[in-house]
>>> print(open('coords_13.cif').read())   # mmCIF, C-alpha atoms
data_entry
loop_
_atom_site.label_atom_id
_atom_site.label_comp_id
_atom_site.auth_asym_id
_atom_site.auth_seq_id
_atom_site.Cartn_x
_atom_site.Cartn_y
_atom_site.Cartn_z
CA MET A 157 126.05 84.53 143.29
CA ILE A 158 123.70 87.02 144.97
CA VAL A 159 123.47 89.10 141.79
CA LEU A 160 122.83 86.01 139.67
CA GLY A 161 120.12 84.89 142.08
CA LEU A 162 118.39 88.26 141.88
CA ILE A 163 118.55 88.25 138.07
CA THR A 164 117.16 84.74 137.96
CA CYS A 165 114.22 85.72 140.14
CA VAL A 166 113.40 88.57 137.78
CA VAL A 167 114.02 86.42 134.73
CA LEU A 168 111.69 83.59 135.56
CA ARG A 169 109.09 85.58 137.44
CA ALA A 170 108.28 88.03 134.67
CA PHE A 171 105.09 86.40 133.41
CA SER A 172 101.58 87.09 134.67
CA ALA A 173 101.71 83.36 135.22
CA GLN A 174 104.66 83.66 137.54
CA ALA A 175 107.55 81.23 138.02
CA LEU A 176 108.79 81.20 141.61
CA VAL A 177 112.38 79.91 141.53
CA VAL A 178 113.20 77.85 144.63
CA ASP A 179 116.24 76.06 146.01
CA SER A 180 114.14 72.96 146.64
CA PHE A 181 110.61 71.82 145.85
CA ASP A 182 109.64 71.87 149.54
CA GLU A 183 107.23 74.76 148.94
CA CYS A 184 105.19 72.80 146.36
CA VAL A 185 106.19 69.24 147.24
CA TRP A 186 102.58 67.99 147.43
CA HIS A 187 102.53 67.76 143.63
CA PHE A 188 104.94 64.82 143.82
CA TYR A 189 104.14 61.23 144.77
CA ARG A 190 105.37 60.65 148.33
CA HIS A 191 106.74 64.21 148.26
CA THR A 192 109.69 63.02 146.18
CA GLU A 193 110.75 64.64 142.92
CA PRO A 194 112.02 62.62 139.94
CA SER A 195 115.72 61.81 140.11
CA GLY A 196 118.43 61.61 137.48
CA MET A 197 117.58 64.86 135.70
CA ASP A 198 119.92 67.80 135.05
CA PRO A 199 121.17 68.94 138.49
CA ASP A 200 121.72 72.48 137.16
CA ALA A 201 118.12 72.95 136.03
CA MET A 202 115.96 75.55 137.77
CA LYS A 203 113.30 74.37 140.22
CA ILE A 204 110.07 76.34 139.91
CA CYS A 205 106.84 76.44 141.90
CA GLN A 206 104.31 77.89 139.47
CA LYS A 207 101.93 80.61 140.67
CA LEU A 208 100.16 83.76 139.47
CA GLU A 209 101.89 87.11 139.48
CA ASN A 210 99.72 89.15 141.81
CA GLU A 211 98.75 86.51 144.34
CA GLU A 212 99.71 87.27 147.91
CA SER A 213 102.30 85.01 149.47
CA ASP A 214 100.80 84.85 152.96
CA HIS A 215 101.10 81.37 154.41
CA THR A 216 97.35 80.83 154.83
CA ALA A 217 96.91 80.81 151.03
CA TRP A 218 100.37 79.61 150.02
CA TYR A 219 99.44 75.95 149.68
CA SER A 220 96.60 76.59 147.25
CA SER A 221 98.40 79.24 145.19
CA LEU A 222 101.35 77.10 144.06
CA TYR A 223 99.65 75.21 141.28
CA TYR A 224 102.33 72.83 139.99
CA ALA A 225 106.08 72.22 139.92
CA THR A 226 108.47 72.56 136.97
CA LEU A 227 112.10 71.64 136.39
CA TYR A 228 113.37 74.14 133.81
CA SER A 229 116.55 73.88 131.73
CA VAL A 230 118.13 77.29 131.17
CA HIS A 231 120.57 75.66 128.75
CA HIS A 232 117.82 74.24 126.54
CA LYS A 233 115.27 76.98 127.43
CA ILE A 234 112.47 74.44 127.85
CA PRO A 235 111.06 72.60 130.86
CA LEU A 236 112.38 69.10 131.50
CA TYR A 237 109.11 68.26 133.24
CA SER A 238 106.07 69.67 135.00
CA ALA A 239 104.56 67.75 137.92
CA TYR A 240 100.91 68.23 138.79
CA THR A 241 97.83 66.55 140.23
CA LEU A 242 94.37 66.17 138.75
CA ASP A 243 91.36 67.60 140.56
CA PRO A 244 88.24 65.88 139.14
CA ARG A 245 86.11 68.92 139.98
CA CYS A 246 87.96 70.89 137.29
CA ILE A 247 86.99 68.62 134.43
CA SER A 248 83.34 69.69 134.42
CA HIS A 249 84.45 73.19 133.38
CA PRO A 250 86.50 72.67 130.21
CA GLN A 251 86.34 76.22 128.90
CA SER A 252 89.16 78.58 129.78
CA PRO A 253 88.86 82.39 129.70
CA ILE A 254 92.19 82.45 127.86
CA ASP A 255 93.42 80.26 125.02
CA HIS A 256 96.88 81.68 124.45
CA MET A 257 100.21 81.94 126.25
CA VAL A 258 100.41 84.79 128.71
CA ARG A 259 102.56 87.49 127.12
CA GLU A 260 105.79 88.26 128.89
CA ASP A 261 106.38 91.64 130.52
CA GLN A 262 107.83 93.74 127.69
CA TYR A 263 109.87 95.86 130.11
CA TYR A 264 111.88 92.85 131.34
CA LYS A 265 111.80 90.95 128.05
CA TYR A 266 115.43 91.42 127.05
CA LEU A 267 116.67 90.78 130.58
CA TYR A 268 115.14 87.35 130.98
CA LYS A 269 115.53 86.43 127.29
CA ARG A 270 119.03 85.22 128.15
CA ASN A 271 117.69 82.50 130.41
CA GLN A 272 114.38 81.38 128.94
CA ALA A 273 112.30 81.23 125.79
CA ILE A 274 110.14 84.17 124.79
CA SER A 275 107.08 84.30 122.54
CA SER A 276 108.97 85.45 119.44
CA ASP A 277 111.17 82.33 119.55
CA TYR A 278 108.16 80.31 118.37
CA SER A 279 106.84 82.70 115.72
CA GLY A 280 106.79 81.24 112.22
CA THR A 281 108.69 78.08 113.20
CA GLY A 282 105.92 75.50 112.68
CA TYR A 283 106.08 74.54 116.34
CA ASP A 284 103.32 74.96 118.91
CA ARG A 285 104.08 76.17 122.42
CA GLY A 286 102.92 72.84 123.80
CA HIS A 287 101.79 72.65 127.41
CA LEU A 288 103.35 70.00 129.64
CA ASN A 289 100.77 70.54 132.39
CA PRO A 290 97.65 70.67 130.18
CA ASN A 291 95.26 73.54 130.85
CA CYS A 292 92.32 71.15 130.49
CA PHE A 293 93.49 69.23 133.60
CA GLN A 294 93.14 72.36 135.75
CA CYS A 295 90.52 75.00 136.50
CA GLY A 296 90.25 78.55 137.74
CA ASP A 297 93.54 80.24 138.55
CA GLY A 298 95.30 76.89 138.28
CA ARG A 299 94.32 76.78 134.61
CA LYS A 300 95.59 80.32 134.04
CA ALA A 301 98.92 79.34 135.59
CA THR A 302 99.52 76.71 132.89
CA PHE A 303 99.75 79.44 130.22
CA ALA A 304 103.41 80.24 130.82
CA LEU A 305 106.39 79.54 128.60
CA THR A 306 108.13 77.88 131.54
CA ASN A 307 105.45 75.18 131.10
CA ALA A 308 105.84 74.97 127.30
CA ALA A 309 108.11 73.20 124.84
CA PRO A 310 108.24 73.24 121.02
CA MET A 311 105.89 70.57 119.68
CA LYS A 312 105.08 69.91 116.05
CA GLU A 313 101.58 71.24 115.37
CA ARG A 314 99.99 67.95 114.35
CA PHE A 315 101.71 66.05 117.14
CA ASN A 316 100.43 68.51 119.74
CA ARG A 317 96.94 69.13 118.34
CA VAL A 318 96.07 65.60 117.21
CA HIS A 319 98.26 62.77 118.52
CA TRP A 320 99.25 64.03 121.97
CA ARG A 321 95.87 65.65 122.51
CA ASN A 322 94.14 62.28 121.95
CA TRP A 323 96.25 60.71 124.67
CA GLU A 324 95.69 63.65 127.03
CA ASN A 325 91.91 63.45 126.57
CA THR A 326 91.91 59.68 127.08
CA LEU A 327 94.03 60.05 130.23
CA ARG A 328 91.73 62.74 131.59
CA ARG A 329 88.61 60.60 131.08
CA PHE A 330 90.28 57.53 132.57
CA LEU A 331 91.51 59.30 135.71
CA LYS A 332 88.23 61.18 136.17
CA GLY A 333 86.39 57.84 136.17
CA MET A 334 88.84 56.36 138.66
CA LEU A 335 88.61 59.32 141.04
CA ASP A 336 84.82 59.35 140.84
CA ARG A 337 84.70 55.60 141.51
CA ASP A 338 86.91 55.95 144.58
CA GLY A 339 84.93 58.89 145.99
CA GLY A 340 87.90 61.22 146.16
CA PHE A 341 89.93 58.85 148.35
CA ALA A 342 92.83 58.84 145.90
CA THR A 343 95.31 61.18 144.23
CA ALA A 344 96.40 61.18 140.60
CA TYR A 345 100.02 62.35 140.42
CA ILE A 346 101.19 63.15 136.89
CA VAL A 347 104.57 64.13 135.48
CA THR A 348 104.87 65.22 131.84
CA GLY A 349 108.30 65.86 130.41
CA THR A 350 110.60 66.30 127.45
CA VAL A 351 113.79 64.78 126.04
CA PRO A 352 115.70 67.81 124.68
CA ASP A 353 117.51 67.23 121.39
CA PRO A 354 120.69 69.36 121.44
CA ASN A 355 120.96 69.08 117.66
CA VAL A 356 117.57 70.68 116.85
CA ARG A 357 116.83 74.25 117.90
CA ILE A 358 114.56 77.19 117.06
CA PRO A 359 114.21 79.87 115.81
CA HIS A 360 115.92 79.50 112.44
CA ARG A 361 115.85 83.18 111.53
CA GLY A 362 116.58 86.68 112.81
CA THR A 363 119.88 88.12 113.94
CA PRO A 364 122.74 85.74 114.78
CA GLY A 365 122.11 86.23 118.49
CA ASP A 366 118.51 85.13 118.12
CA ARG A 367 119.17 81.95 116.16
CA PHE A 368 118.98 78.44 117.55
CA ARG A 369 118.09 79.43 121.11
CA VAL A 370 115.45 76.87 122.10
CA SER A 371 115.97 73.09 122.00
CA VAL A 372 113.26 71.01 120.35
CA PRO A 373 112.39 67.81 122.26
CA SER A 374 112.86 64.57 120.38
CA HIS A 375 110.23 62.91 122.62
CA ILE A 376 107.40 63.91 124.94
CA TRP A 377 106.40 61.62 127.82
CA THR A 378 103.91 61.30 130.66
CA ALA A 379 104.04 59.19 133.81
CA VAL A 380 100.98 58.58 136.00
CA CYS A 381 100.82 57.45 139.62
CA TYR A 382 97.33 56.75 140.93
CA GLU A 383 97.53 56.30 144.71
CA HIS A 384 94.48 55.17 146.68
CA ASP A 385 94.37 56.50 150.24
CA THR A 386 93.49 53.23 151.98
CA ASP A 387 93.56 50.33 149.51
CA ASP A 388 96.87 49.68 147.74
CA ARG A 389 95.17 47.16 145.47
CA LYS A 390 93.44 50.07 143.75
CA SER A 391 96.70 51.97 143.22
CA LEU A 392 98.57 51.71 139.94
CA SER A 393 101.01 53.45 137.64
CA PHE A 394 101.84 53.59 133.96
CA GLY A 395 103.43 55.86 131.41
CA TYR A 396 103.65 56.62 127.72
CA ILE A 397 106.12 58.30 125.39
CA GLY A 398 106.09 59.41 121.76
CA ARG A 399 108.27 61.02 119.14
CA ASN A 400 107.69 64.74 118.62
CA GLN A 401 106.86 64.47 114.93
CA PRO A 402 103.69 65.12 112.89
CA GLU A 403 103.24 61.62 111.43
CA GLU A 404 103.65 58.23 113.09
CA PRO A 405 104.79 59.52 116.49
CA ASP A 406 104.68 55.93 117.78
CA ILE A 407 103.24 56.82 121.21
CA ARG A 408 103.56 53.72 123.38
CA LEU A 409 101.96 52.71 126.67
CA MET A 410 104.31 51.05 129.15
CA SER A 411 105.14 50.54 132.80
CA VAL A 412 106.88 53.34 134.71
CA SER A 413 109.92 51.09 135.10
CA ASP A 414 110.17 50.68 131.31
CA LEU A 415 109.67 54.42 130.85
CA ASN A 416 112.54 55.09 133.28
CA ASP A 417 114.77 52.78 131.25
CA GLN A 418 113.79 54.34 127.93
CA LEU A 419 114.34 57.89 129.18
CA SER A 420 117.74 56.95 130.61
CA ARG A 421 118.72 55.47 127.24
CA LEU A 422 117.45 58.47 125.26
CA TYR A 423 119.26 60.97 127.48
CA ARG A 424 122.43 58.91 127.14
CA GLU A 425 122.14 58.77 123.33
CA LEU A 426 121.26 62.42 122.81
CA SER A 427 123.46 64.11 125.39
CA GLY A 428 126.23 61.58 125.87
CA THR A 429 125.71 61.65 129.64
CA GLN A 430 125.07 58.69 131.92
CA GLN A 431 121.72 59.37 133.56
CA SER A 432 119.55 56.97 135.52
CA ILE A 433 116.02 58.36 135.55
CA GLU A 434 113.52 57.48 138.28
CA ILE A 435 110.22 59.34 137.93
CA PHE A 436 108.39 57.89 140.95
CA VAL A 437 110.08 56.51 144.02
CA ASP A 438 109.52 52.70 144.08
CA ASP A 439 107.78 53.10 140.67
CA CYS A 440 104.46 53.74 142.46
CA PHE A 441 102.82 50.31 142.70
CA GLY A 442 104.37 49.22 139.43
CA TYR A 443 103.25 45.65 140.14
CA ASN A 444 99.61 46.73 139.96
CA ASN A 445 99.25 47.20 136.20
CA LYS A 446 95.57 46.67 135.50
CA PHE A 447 93.43 45.54 132.61
CA GLU A 448 91.51 48.79 133.03
CA VAL A 449 94.55 50.80 131.93
CA HIS A 450 94.86 48.74 128.77
CA GLY A 451 91.12 48.99 128.16
CA ALA A 452 91.06 52.77 128.54
CA PHE A 453 93.82 53.23 125.98
CA LYS A 454 92.86 50.32 123.75
CA LYS A 455 91.91 52.37 120.69
CA LEU A 456 95.11 54.38 120.90
CA ILE A 457 97.24 51.30 121.57
CA ASN A 458 95.93 49.74 118.39
CA ILE A 459 97.76 52.52 116.57
CA SER A 460 100.91 51.82 118.57
CA PRO A 461 102.19 48.28 117.93
CA GLY A 462 104.30 46.34 120.37
CA ILE A 463 102.10 46.48 123.48
CA SER A 464 101.39 43.15 125.20
CA LEU A 465 99.38 42.45 128.34
CA THR A 466 99.28 39.26 130.41
CA ASP A 467 96.12 37.46 131.50
CA ASN A 468 96.62 39.00 134.96
CA GLY A 469 96.84 42.53 133.58
CA GLN A 470 100.63 42.91 133.78
CA MET A 471 102.37 44.82 130.99
CA CYS A 472 105.03 42.85 129.15
CA LEU A 473 108.46 44.33 128.67
CA TYR A 474 108.76 45.96 125.26
CA ASP A 475 111.51 43.56 124.12
CA HIS A 476 109.74 40.46 125.56
CA PRO A 477 106.14 40.55 124.20
CA CYS A 478 103.69 37.64 124.35
CA ALA A 479 105.19 34.64 122.53
CA THR A 480 105.87 30.92 123.03
CA TYR A 481 109.64 31.20 123.60
CA ASP A 482 109.98 27.50 122.63
CA TYR A 483 107.16 26.37 124.92
CA ASP A 484 103.64 25.23 124.01
CA TYR A 485 101.90 28.24 125.60
CA TYR A 486 102.15 32.02 125.38
CA TRP A 487 103.87 34.04 128.08
CA CYS A 488 106.02 37.15 128.43
CA LYS A 489 108.60 38.74 130.70
CA THR A 490 107.12 41.39 133.00
CA SER A 491 110.13 42.66 134.96
CA LEU A 492 113.89 42.89 134.80
CA GLY A 493 114.56 40.13 137.35
CA TYR A 494 116.04 36.73 136.58
CA ILE A 495 113.57 34.31 138.14
CA LYS A 496 110.56 32.49 136.71
CA ASP A 497 108.14 34.69 138.69
CA ASP A 498 109.18 37.58 136.42
CA TRP A 499 107.19 35.86 133.63
CA ASP A 500 103.41 35.60 133.30
CA TYR A 501 100.99 33.81 131.00
CA CYS A 502 99.22 35.72 128.25
CA SER A 503 96.91 35.20 125.32
CA LEU A 504 97.00 36.68 121.84
CA HIS A 505 93.73 38.54 121.16
#
>>> encode(input="coords_13.cif", output="structure tokens")
Amino acid sequence: MIVLGLITCVVLRAFSAQALVVDSFDECVWHFYRHTEPSGMDPDAMKICQKLENEESDHTAWYSSLYYATLYSVHHKIPLYSAYTLDPRCISHPQSPIDHMVREDQYYKYLYKRNQAISSDYSGTGYDRGHLNPNCFQCGDGRKATFALTNAAPMKERFNRVHWRNWENTLRRFLKGMLDRDGGFATAYIVTGTVPDPNVRIPHRGTPGDRFRVSVPSHIWTAVCYEHDTDDRKSLSFGYIGRNQPEEPDIRLMSVSDLNDQLSRLYRELSGTQQSIEIFVDDCFGYNNKFEVHGAFKKLINISPGISLTDNGQMCLYDHPCATYDYDYYWCKTSLGYIKDDWDYCSLH
């Protein structure tokens, strides 16, 4: 076990953007809502606090030098999620001094190749090395730290560069406006993740040992928890998920509770394992779904059918949209309970 631990440290710390493997997320726990990581994921996945290679690890700078947290699947050789926060000061500086993945240390390349993806796995496959923690949400050294393959998963080029990018840009503008409005008295916790498809892998070429190493995600998802420091009424959460395909990815906006359910179902269907996913503890003010969320994503939602919102700003369950349900008014089911209060009135616009 000691030897394996030493190898793992070398394996996942070989980038200039360095992956610090940890037994628990305690060292970078502030990137999670209420200091609690998502539950129900692969218990054998590696926990990583992402940093830069040459930064000193003295405790006075430790807090600021661990830029985000990643749960990394050695089996699939992609991250299951990256958890990060949004600093609104970063958004005014969109240009990055680098626009490519940090190249792995060539000396250690074949040592850590056994446990993670390397650059050549993506070459000529038609897949981008898609960031989970987007570089445009960070700045300075934090932005540099996003350019690591432990923060990347295979995404179809058009999905990554057009569809998912539109949602990322809309999310960034929306959260920037919220944080500015609240004068910095809030935190935007974000988790972006994958659903690995065990039946689709890259690369499709090379020697037999190099074939089919990296799982391609069937879906990419993001969950957002906006927590106000003093006024819970201003806190809210939501999520969205889409198919990793170039056309009609069907990216849908939904509550965090619905996203948990959909991820649990997808993991069960693809891997055959019973998993109950919970991204945010208590779903992070899931009862506070606001009209402003719907308004911010309205143009994108129009491309994604099936979204309904009540007159009070609650999101309808996907399988219970606004309808009459044999009554003379429109309403929809907003939660998984079994009482009348789980329904709310809505209008068709």
>>> atom_distance(input="coords_13.cif", atom1="CA of Ser491 (chain A)", atom2="CA of Ala379 (chain A)")
17.7 Å
>>> closest_residue(input="coords_13.cif", among="A:Cys246, A:Leu422, A:Val412, A:Cys205", to="Cys292 (chain A)", atoms="all atoms listed in the file")
A:Cys246
>>> resolve_selection(input="coords_13.cif", expression="the PyMOL selection byres ((chain A and resi 316) around 10)", output="number ranges by chain")
A: 283-287, 310-315, 317-322, 324, 376, 400-402
>>> write_last_selection(input="coords_13.cif", atoms="C-alpha atoms", output="compact mmCIF listing (two decimals), in the frame of the given file")
# COMPACT_ATOMS: atom_id res chain seq x y z
CA TYR A 283 106.08 74.54 116.34
CA ASP A 284 103.32 74.96 118.91
CA ARG A 285 104.08 76.17 122.42
CA GLY A 286 102.92 72.84 123.80
CA HIS A 287 101.79 72.65 127.41
CA PRO A 310 108.24 73.24 121.02
CA MET A 311 105.89 70.57 119.68
CA LYS A 312 105.08 69.91 116.05
CA GLU A 313 101.58 71.24 115.37
CA ARG A 314 99.99 67.95 114.35
CA PHE A 315 101.71 66.05 117.14
CA ARG A 317 96.94 69.13 118.34
CA VAL A 318 96.07 65.60 117.21
CA HIS A 319 98.26 62.77 118.52
CA TRP A 320 99.25 64.03 121.97
CA ARG A 321 95.87 65.65 122.51
CA ASN A 322 94.14 62.28 121.95
CA GLU A 324 95.69 63.65 127.03
CA ILE A 376 107.40 63.91 124.94
CA ASN A 400 107.69 64.74 118.62
CA GLN A 401 106.86 64.47 114.93
CA PRO A 402 103.69 65.12 112.89
>>> resolve_selection(input="coords_13.cif", expression="the PyMOL selection byres ((chain A and resi 228) around 8)", output="number ranges by chain")
A: 201-204, 226-227, 229-230, 233-237, 306
>>> residues_around(input="coords_13.cif", residues="Glu434 (chain A)", least_positions_apart="2", cutoff="6 Å", atoms="only C-alpha atoms", output="ChimeraX atom specification")
/A:194-195,416,436
>>> write_last_selection(input="coords_13.cif", atoms="C-alpha atoms", output="compact mmCIF listing (two decimals), in the coordinates of the input")
# COMPACT_ATOMS: atom_id res chain seq x y z
CA PRO A 194 112.02 62.62 139.94
CA SER A 195 115.72 61.81 140.11
CA ASN A 416 112.54 55.09 133.28
CA PHE A 436 108.39 57.89 140.95
>>> residues_around(input="coords_13.cif", residues="region 438-441 of chain A", least_positions_apart="2", cutoff="8 Å", atoms="all atoms listed in the file", output="mmCIF file with C-alpha atoms, in the coordinates of the input")
data_model
loop_
_atom_site.group_PDB
_atom_site.id
_atom_site.type_symbol
_atom_site.label_atom_id
_atom_site.label_comp_id
_atom_site.auth_asym_id
_atom_site.auth_seq_id
_atom_site.Cartn_x
_atom_site.Cartn_y
_atom_site.Cartn_z
ATOM 1 C CA TYR A 189 104.140 61.230 144.770
ATOM 2 C CA CYS A 381 100.820 57.450 139.620
ATOM 3 C CA TYR A 382 97.330 56.750 140.930
ATOM 4 C CA GLU A 383 97.530 56.300 144.710
ATOM 5 C CA ASP A 388 96.870 49.680 147.740
ATOM 6 C CA SER A 391 96.700 51.970 143.220
ATOM 7 C CA LEU A 392 98.570 51.710 139.940
ATOM 8 C CA SER A 393 101.010 53.450 137.640
ATOM 9 C CA VAL A 412 106.880 53.340 134.710
ATOM 10 C CA SER A 413 109.920 51.090 135.100
ATOM 11 C CA GLU A 434 113.520 57.480 138.280
ATOM 12 C CA ILE A 435 110.220 59.340 137.930
ATOM 13 C CA PHE A 436 108.390 57.890 140.950
ATOM 14 C CA TYR A 443 103.250 45.650 140.140
ATOM 15 C CA ASN A 444 99.610 46.730 139.960
#
>>> resolve_selection(input="coords_13.cif", expression="the PyMOL selection byres ((chain A and resi 338) around 12)", output="number ranges by chain")
A: 244, 331-337, 339-344, 382-387, 390-391
>>> closest_residue(input="coords_13.cif", among="A:Cys184, A:Val370, A:Cys295, A:Leu208", to="Arg357 (chain A)", atoms="only C-alpha atoms")
A:Val370
>>> closest_residue(input="coords_13.cif", among="A:Ala309, A:Val185, A:Leu242, A:Ile274", to="Val351 (chain A)", atoms="all atoms listed in the file")
A:Ala309
>>> closest_residue(input="coords_13.cif", among="A:Thr466, A:Gln206, A:Gln431, A:Thr241", to="Thr302 (chain A)", atoms="only C-alpha atoms")
A:Gln206
>>> closest_residue(input="coords_13.cif", among="A:Val178, A:Val380, A:Cys502, A:Ala479", to="Val347 (chain A)", atoms="all atoms listed in the file")
A:Val380
>>> atom_distance(input="coords_13.cif", atom1="CA of Asp498 (chain A)", atom2="CA of Cys478 (chain A)")
13.3 Å
>>> closest_residue(input="coords_13.cif", among="A:Glu425, A:Glu448, A:Asp277, A:Asp297", to="Ser371 (chain A)", atoms="all atoms listed in the file")
A:Asp277
>>> atom_distance(input="coords_13.cif", atom1="CA of Asp500 (chain A)", atom2="CA of Cys472 (chain A)")
8.5 Å
>>> residues_around(input="coords_13.cif", residues="Arg399 (chain A)", least_positions_apart="4", cutoff="6 Å", atoms="all atoms listed in the file", output="JSON, numbers by chain")
{"A": [374, 375, 405]}
